[in-house]
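Student: query.pdb is reproduced below (PDB, C-alpha atoms).
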```
MODEL        1
ATOM      1  CA  MET A   1      14.318  14.177  14.861  1.00  0.00           C
ATOM      2  CA  ILE A   2      15.199  10.501  14.932  1.00  0.00           C
ATOM      3  CA  ASN A   3      18.072   8.502  13.498  1.00  0.00           C
ATOM      4  CA  LYS A   4      19.199   4.873  13.271  1.00  0.00           C
ATOM      5  CA  LYS A   5      20.259   4.964  16.950  1.00  0.00           C
ATOM      6  CA  SER A   6      16.964   6.302  18.351  1.00  0.00           C
ATOM      7  CA  THR A   7      15.148   4.259  20.976  1.00  0.00           C
ATOM      8  CA  ARG A   8      11.787   2.579  20.419  1.00  0.00           C
ATOM      9  CA  LEU A   9      10.036   5.213  22.517  1.00  0.00           C
ATOM     10  CA  GLU A  10      11.654   8.049  20.541  1.00  0.00           C
ATOM     11  CA  VAL A  11      10.624   6.449  17.247  1.00  0.00           C
ATOM     12  CA  LEU A  12       7.062   5.822  18.410  1.00  0.00           C
ATOM     13  CA  LYS A  13       6.715   9.434  19.534  1.00  0.00           C
ATOM     14  CA  ALA A  14       8.200  10.698  16.247  1.00  0.00           C
ATOM     15  CA  VAL A  15       5.910   8.670  13.958  1.00  0.00           C
ATOM     16  CA  LYS A  16       2.869   9.841  15.893  1.00  0.00           C
ATOM     17  CA  GLU A  17       3.884  13.404  14.981  1.00  0.00           C
ATOM     18  CA  ASP A  18       5.154  12.684  11.479  1.00  0.00           C
ATOM     19  CA  GLY A  19       4.553   9.357   9.734  1.00  0.00           C
ATOM     20  CA  TYR A  20       7.503   9.940   7.431  1.00  0.00           C
ATOM     21  CA  ALA A  21       9.784   9.608  10.442  1.00  0.00           C
ATOM     22  CA  LEU A  22       9.518   5.867   9.843  1.00  0.00           C
ATOM     23  CA  SER A  23      11.833   6.332   6.853  1.00  0.00           C
ATOM     24  CA  LYS A  24      14.633   7.372   9.200  1.00  0.00           C
ATOM     25  CA  ALA A  25      14.010   4.644  11.765  1.00  0.00           C
ATOM     26  CA  ASN A  26      16.230   1.648  12.347  1.00  0.00           C
ATOM     27  CA  ILE A  27      15.121  -1.404  10.353  1.00  0.00           C
ATOM     28  CA  THR A  28      14.088  -3.085  13.623  1.00  0.00           C
ATOM     29  CA  PHE A  29      11.417  -0.452  14.214  1.00  0.00           C
ATOM     30  CA  ARG A  30      10.105  -0.760  10.660  1.00  0.00           C
ATOM     31  CA  ASP A  31       9.057  -4.247  11.736  1.00  0.00           C
ATOM     32  CA  ASP A  32       7.375  -3.093  14.952  1.00  0.00           C
ATOM     33  CA  TYR A  33       3.598  -3.412  14.609  1.00  0.00           C
ATOM     34  CA  GLU A  34       2.717  -0.567  16.986  1.00  0.00           C
ATOM     35  CA  ILE A  35       5.201   1.840  15.395  1.00  0.00           C
ATOM     36  CA  VAL A  36       4.160   1.061  11.820  1.00  0.00           C
ATOM     37  CA  LEU A  37       0.446   1.260  12.643  1.00  0.00           C
ATOM     38  CA  ALA A  38       0.985   4.653  14.298  1.00  0.00           C
ATOM     39  CA  SER A  39       2.998   5.831  11.308  1.00  0.00           C
ATOM     40  CA  VAL A  40       0.414   4.669   8.754  1.00  0.00           C
ATOM     41  CA  SER A  41      -2.334   6.275  10.843  1.00  0.00           C
ATOM     42  CA  TRP A  42      -0.572   9.626  10.584  1.00  0.00           C
ATOM     43  CA  ASN A  43       0.499   9.272   6.940  1.00  0.00           C
ATOM     44  CA  SER A  44      -0.751   6.263   4.992  1.00  0.00           C
ATOM     45  CA  GLU A  45       2.046   6.440   2.420  1.00  0.00           C
ATOM     46  CA  SER A  46       4.585   5.601   5.120  1.00  0.00           C
ATOM     47  CA  ILE A  47       3.618   1.946   4.585  1.00  0.00           C
ATOM     48  CA  LYS A  48       6.320   1.958   1.921  1.00  0.00           C
ATOM     49  CA  TYR A  49       8.921   2.133   4.726  1.00  0.00           C
ATOM     50  CA  ALA A  50       7.444  -0.801   6.665  1.00  0.00           C
ATOM     51  CA  SER A  51       9.024  -4.237   6.729  1.00  0.00           C
ATOM     52  CA  GLU A  52       7.827  -6.819   4.217  1.00  0.00           C
ATOM     53  CA  ARG A  53       6.185  -8.693   7.097  1.00  0.00           C
ATOM     54  CA  LEU A  54       4.081  -5.677   8.046  1.00  0.00           C
ATOM     55  CA  LYS A  55       3.255  -4.821   4.431  1.00  0.00           C
ATOM     56  CA  ASP A  56       1.639  -8.262   4.551  1.00  0.00           C
ATOM     57  CA  ASN A  57      -0.370  -7.398   7.676  1.00  0.00           C
ATOM     58  CA  ARG A  58      -3.999  -7.090   6.579  1.00  0.00           C
ATOM     59  CA  LYS A  59      -4.946  -4.391   9.108  1.00  0.00           C
ATOM     60  CA  ILE A  60      -1.979  -2.160   8.271  1.00  0.00           C
ATOM     61  CA  ALA A  61      -2.292  -2.642   4.504  1.00  0.00           C
ATOM     62  CA  ILE A  62      -6.045  -1.994   4.426  1.00  0.00           C
ATOM     63  CA  LYS A  63      -5.663   1.091   6.627  1.00  0.00           C
ATOM     64  CA  ALA A  64      -3.090   2.500   4.183  1.00  0.00           C
ATOM     65  CA  ILE A  65      -5.113   1.575   1.084  1.00  0.00           C
ATOM     66  CA  GLN A  66      -8.383   2.957   2.445  1.00  0.00           C
ATOM     67  CA  ALA A  67      -6.697   6.243   3.292  1.00  0.00           C
ATOM     68  CA  ASP A  68      -5.224   6.496  -0.220  1.00  0.00           C
ATOM     69  CA  SER A  69      -5.800   3.732  -2.749  1.00  0.00           C
ATOM     70  CA  ARG A  70      -2.510   4.582  -4.473  1.00  0.00           C
ATOM     71  CA  ASN A  71      -0.839   2.816  -1.515  1.00  0.00           C
ATOM     72  CA  PHE A  72      -2.076  -0.495  -2.950  1.00  0.00           C
ATOM     73  CA  LYS A  73       1.270  -0.885  -4.737  1.00  0.00           C
ATOM     74  CA  TYR A  74       3.130  -0.977  -1.406  1.00  0.00           C
ATOM     75  CA  ALA A  75       1.099  -3.854   0.040  1.00  0.00           C
ATOM     76  CA  SER A  76       2.480  -7.376  -0.121  1.00  0.00           C
ATOM     77  CA  GLU A  77       1.733  -9.579  -3.094  1.00  0.00           C
ATOM     78  CA  ARG A  78      -0.597 -11.709  -0.939  1.00  0.00           C
ATOM     79  CA  ILE A  79      -2.681  -8.629  -0.074  1.00  0.00           C
ATOM     80  CA  ARG A  80      -2.659  -7.388  -3.693  1.00  0.00           C
ATOM     81  CA  MET A  81      -3.822 -10.789  -4.976  1.00  0.00           C
ATOM     82  CA  ASN A  82      -6.904 -10.647  -2.732  1.00  0.00           C
ATOM     83  CA  ASP A  83      -9.673  -9.944  -5.257  1.00  0.00           C
ATOM     84  CA  LYS A  84     -11.877  -7.907  -2.912  1.00  0.00           C
ATOM     85  CA  ILE A  85      -9.056  -5.638  -1.758  1.00  0.00           C
ATOM     86  CA  ALA A  86      -7.726  -5.300  -5.307  1.00  0.00           C
ATOM     87  CA  ILE A  87     -11.125  -4.499  -6.858  1.00  0.00           C
ATOM     88  CA  ASP A  88     -11.800  -1.807  -4.271  1.00  0.00           C
ATOM     89  CA  ALA A  89      -8.356  -0.307  -4.929  1.00  0.00           C
ATOM     90  CA  ILE A  90      -8.785  -0.492  -8.721  1.00  0.00           C
ATOM     91  CA  PHE A  91     -12.252   1.045  -8.660  1.00  0.00           C
ATOM     92  CA  SER A  92     -10.840   3.914  -6.604  1.00  0.00           C
ATOM     93  CA  TYR A  93      -7.666   4.348  -8.687  1.00  0.00           C
ATOM     94  CA  GLY A  94      -7.702   2.564 -12.031  1.00  0.00           C
ATOM     95  CA  LEU A  95      -3.935   2.348 -12.409  1.00  0.00           C
ATOM     96  CA  ASN A  96      -3.854  -0.121  -9.505  1.00  0.00           C
ATOM     97  CA  LEU A  97      -4.733  -2.697 -12.147  1.00  0.00           C
ATOM     98  CA  LYS A  98      -0.974  -2.848 -12.785  1.00  0.00           C
ATOM     99  CA  PHE A  99      -0.409  -4.426  -9.361  1.00  0.00           C
ATOM    100  CA  SER A 100      -3.354  -6.863  -9.369  1.00  0.00           C
ATOM    101  CA  SER A 101      -3.743 -10.494 -10.386  1.00  0.00           C
ATOM    102  CA  MET A 102      -3.865 -11.731 -13.970  1.00  0.00           C
ATOM    103  CA  LYS A 103      -7.403 -12.884 -13.224  1.00  0.00           C
ATOM    104  CA  LEU A 104      -8.495  -9.275 -12.660  1.00  0.00           C
ATOM    105  CA  LYS A 105      -6.464  -8.029 -15.622  1.00  0.00           C
ATOM    106  CA  LYS A 106      -8.585 -10.378 -17.767  1.00  0.00           C
ATOM    107  CA  ASN A 107     -11.907  -9.391 -16.169  1.00  0.00           C
ATOM    108  CA  TYR A 108     -13.847  -7.138 -18.560  1.00  0.00           C
ATOM    109  CA  THR A 109     -15.845  -5.369 -15.833  1.00  0.00           C
ATOM    110  CA  VAL A 110     -12.755  -4.594 -13.762  1.00  0.00           C
ATOM    111  CA  VAL A 111     -10.796  -3.374 -16.788  1.00  0.00           C
ATOM    112  CA  LYS A 112     -13.732  -1.289 -18.011  1.00  0.00           C
ATOM    113  CA  ASN A 113     -14.042   0.408 -14.620  1.00  0.00           C
ATOM    114  CA  ALA A 114     -10.289   0.966 -14.435  1.00  0.00           C
ATOM    115  CA  TYR A 115     -10.366   2.454 -17.954  1.00  0.00           C
ATOM    116  CA  GLN A 116     -13.251   4.781 -17.043  1.00  0.00           C
ATOM    117  CA  ASN A 117     -11.305   5.844 -13.981  1.00  0.00           C
ATOM    118  CA  ALA A 118      -7.803   6.213 -15.446  1.00  0.00           C
ATOM    119  CA  GLY A 119      -8.128   6.312 -19.225  1.00  0.00           C
ATOM    120  CA  LEU A 120      -5.999   4.673 -21.883  1.00  0.00           C
ATOM    121  CA  ASP A 121      -2.941   4.228 -19.659  1.00  0.00           C
ATOM    122  CA  VAL A 122      -4.683   1.349 -17.927  1.00  0.00           C
ATOM    123  CA  LEU A 123      -4.812  -0.737 -21.106  1.00  0.00           C
ATOM    124  CA  LYS A 124      -1.073  -1.443 -21.000  1.00  0.00           C
ATOM    125  CA  TYR A 125      -1.674  -3.445 -17.792  1.00  0.00           C
ATOM    126  CA  THR A 126      -4.319  -5.747 -19.207  1.00  0.00           C
ATOM    127  CA  THR A 127      -4.313  -8.655 -21.644  1.00  0.00           C
ATOM    128  CA  LYS A 128      -4.820  -8.679 -25.382  1.00  0.00           C
ATOM    129  CA  GLU A 129      -8.111 -10.577 -24.945  1.00  0.00           C
ATOM    130  CA  ILE A 130      -9.736  -7.455 -23.463  1.00  0.00           C
TER     131      ILE A 130
ENDMDL
END
```
Turn the structure described in the file into C-alpha cells.
Tutor:
Amino acid sequence: MINKKSTRLEVLKAVKEDGYALSKANITFRDDYEIVLASVSWNSESIKYASERLKDNRKIAIKAIQADSRNFKYASERIRMNDKIAIDAIFSYGLNLKFSSMKLKKNYTVVKNAYQNAGLDVLKYTTKEI
C-alpha cells in the first residue's frame, strides 16, 4: 500500500501490481512518465489520475483509449480534438461524441455511427443541423 510519502520505487512497484495505486500517489509521481505508463498498462482507466501533461502524451492517451474507448474523456483536449483518434473512439463508444470537436459533432457520418452505437442519448451532443 502506498501513500503520499512513498518513494518513486515503491510507487512504481505498486502501479505495476494495481494501476489504481496511482490515485494514492504523490502528485509528483502522477507526472512521472514511467509510472503513469506502467499504471495505464495495468489498468487503462488510471489515466484519470495522471497529470495534465501526461494526459496530453499521445502514447499514454492512445494506450488508455485503445484498451477502453471510454477513457477518451480523460485525454487532453489536444488529443480529443485529433479527428483520427476521436473518430476511432466514437465509433467504438458513441457517447464519446460529447468530448469531440464541433467539426465531428456536425459530421453526419460520425453522428450516424455514434447514434447506431449509442442510441438517442448521442443526439444531445450534436448540432441542430444534424
Student: Calculated over only C-alpha atoms, which of the candidates A:Glu17, A:Leu97, A:Ser6, A:Ser44 has the smallest distance to A:Phe29?
Tutor: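 Checking each candidate against A:Phe29, we get A:Ser6 as the closest.
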Student: Evaluate the PyMOL selection byres ((chain A and resi 66) around 12) and record the selected residues as a PyMOL selection string, following the chain and residue labels used in the document.
Tutor: chain A and resi 40-41+43-45+58-65+67-72+75+85-86+88-93
Student: Would you compute the distance between atom CA of A:Ser23 and atom CA of A:Ala50? Give it in Å to one decimal.
Tutor: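 Calculated distance between atom CA of A:Ser23 and atom CA of A:Ala50 is 8.4 Å.
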Student: Step by step, work through what the PyMOL selection byres ((chain A and resi 106) around 7) selects in the shown file, and finish by giving those residues as a list of chain:residue names.
Tutor: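 Applying the PyMOL selection byres ((chain A and resi 106) around 7) to the structure shown produces A:Met102, A:Lys103, A:Leu104, A:Lys105, A:Asn107, A:Tyr108, A:Thr126, A:Thr127, A:Ile130.
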Student: Name the closest residue to A:Leu37 among the candidates A:Ser76, A:Asn96, A:Gln116, A:Ser51; distances are taken between atoms, counting only C-alpha atoms.
Tutor: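 Of the candidates, the smallest distance to A:Leu37 is held by A:Ser51.
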Student: Between atom CA of A:Glu77 and atom CA of A:Leu54, what is the spacing in Å?
Tutor: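 Straight-line distance from atom CA of A:Leu54 to atom CA of A:Glu77 works out to 12.0 Å.
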Student: To one decimal place, how far is atom CA of A:Asp56 from atom CA of A:Leu22 in Å?
Tutor: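 These atoms are spaced 17.0 Å apart.
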Student: Written as a PyMOL selection string, which residues does the PyMOL selection byres ((chain A and resi 122) around 10) give for the file shown?
Tutor: chain A and resi 94-98+105+111-121+123-126
Student: Can you sort out the box for stretch 85-100 of chain A, edges along x, y and z, all listed atoms in, 8 Å on every side, with centre and edge lengths in Å to one decimal, as AutoDock Vina command-line options?
Tutor:
```
--center_x -6.3 --center_y -1.3 --center_z -7.3 --size_x 27.8 --size_y 27.2 --size_z 27.0
```
Student: Residues at most 8 Å from A:Tyr74, counting only C-alpha atoms, excluding those fewer than 6 positions away in the same chain, as an NGL selection string?
Tutor: :A and (47-48 or 55)
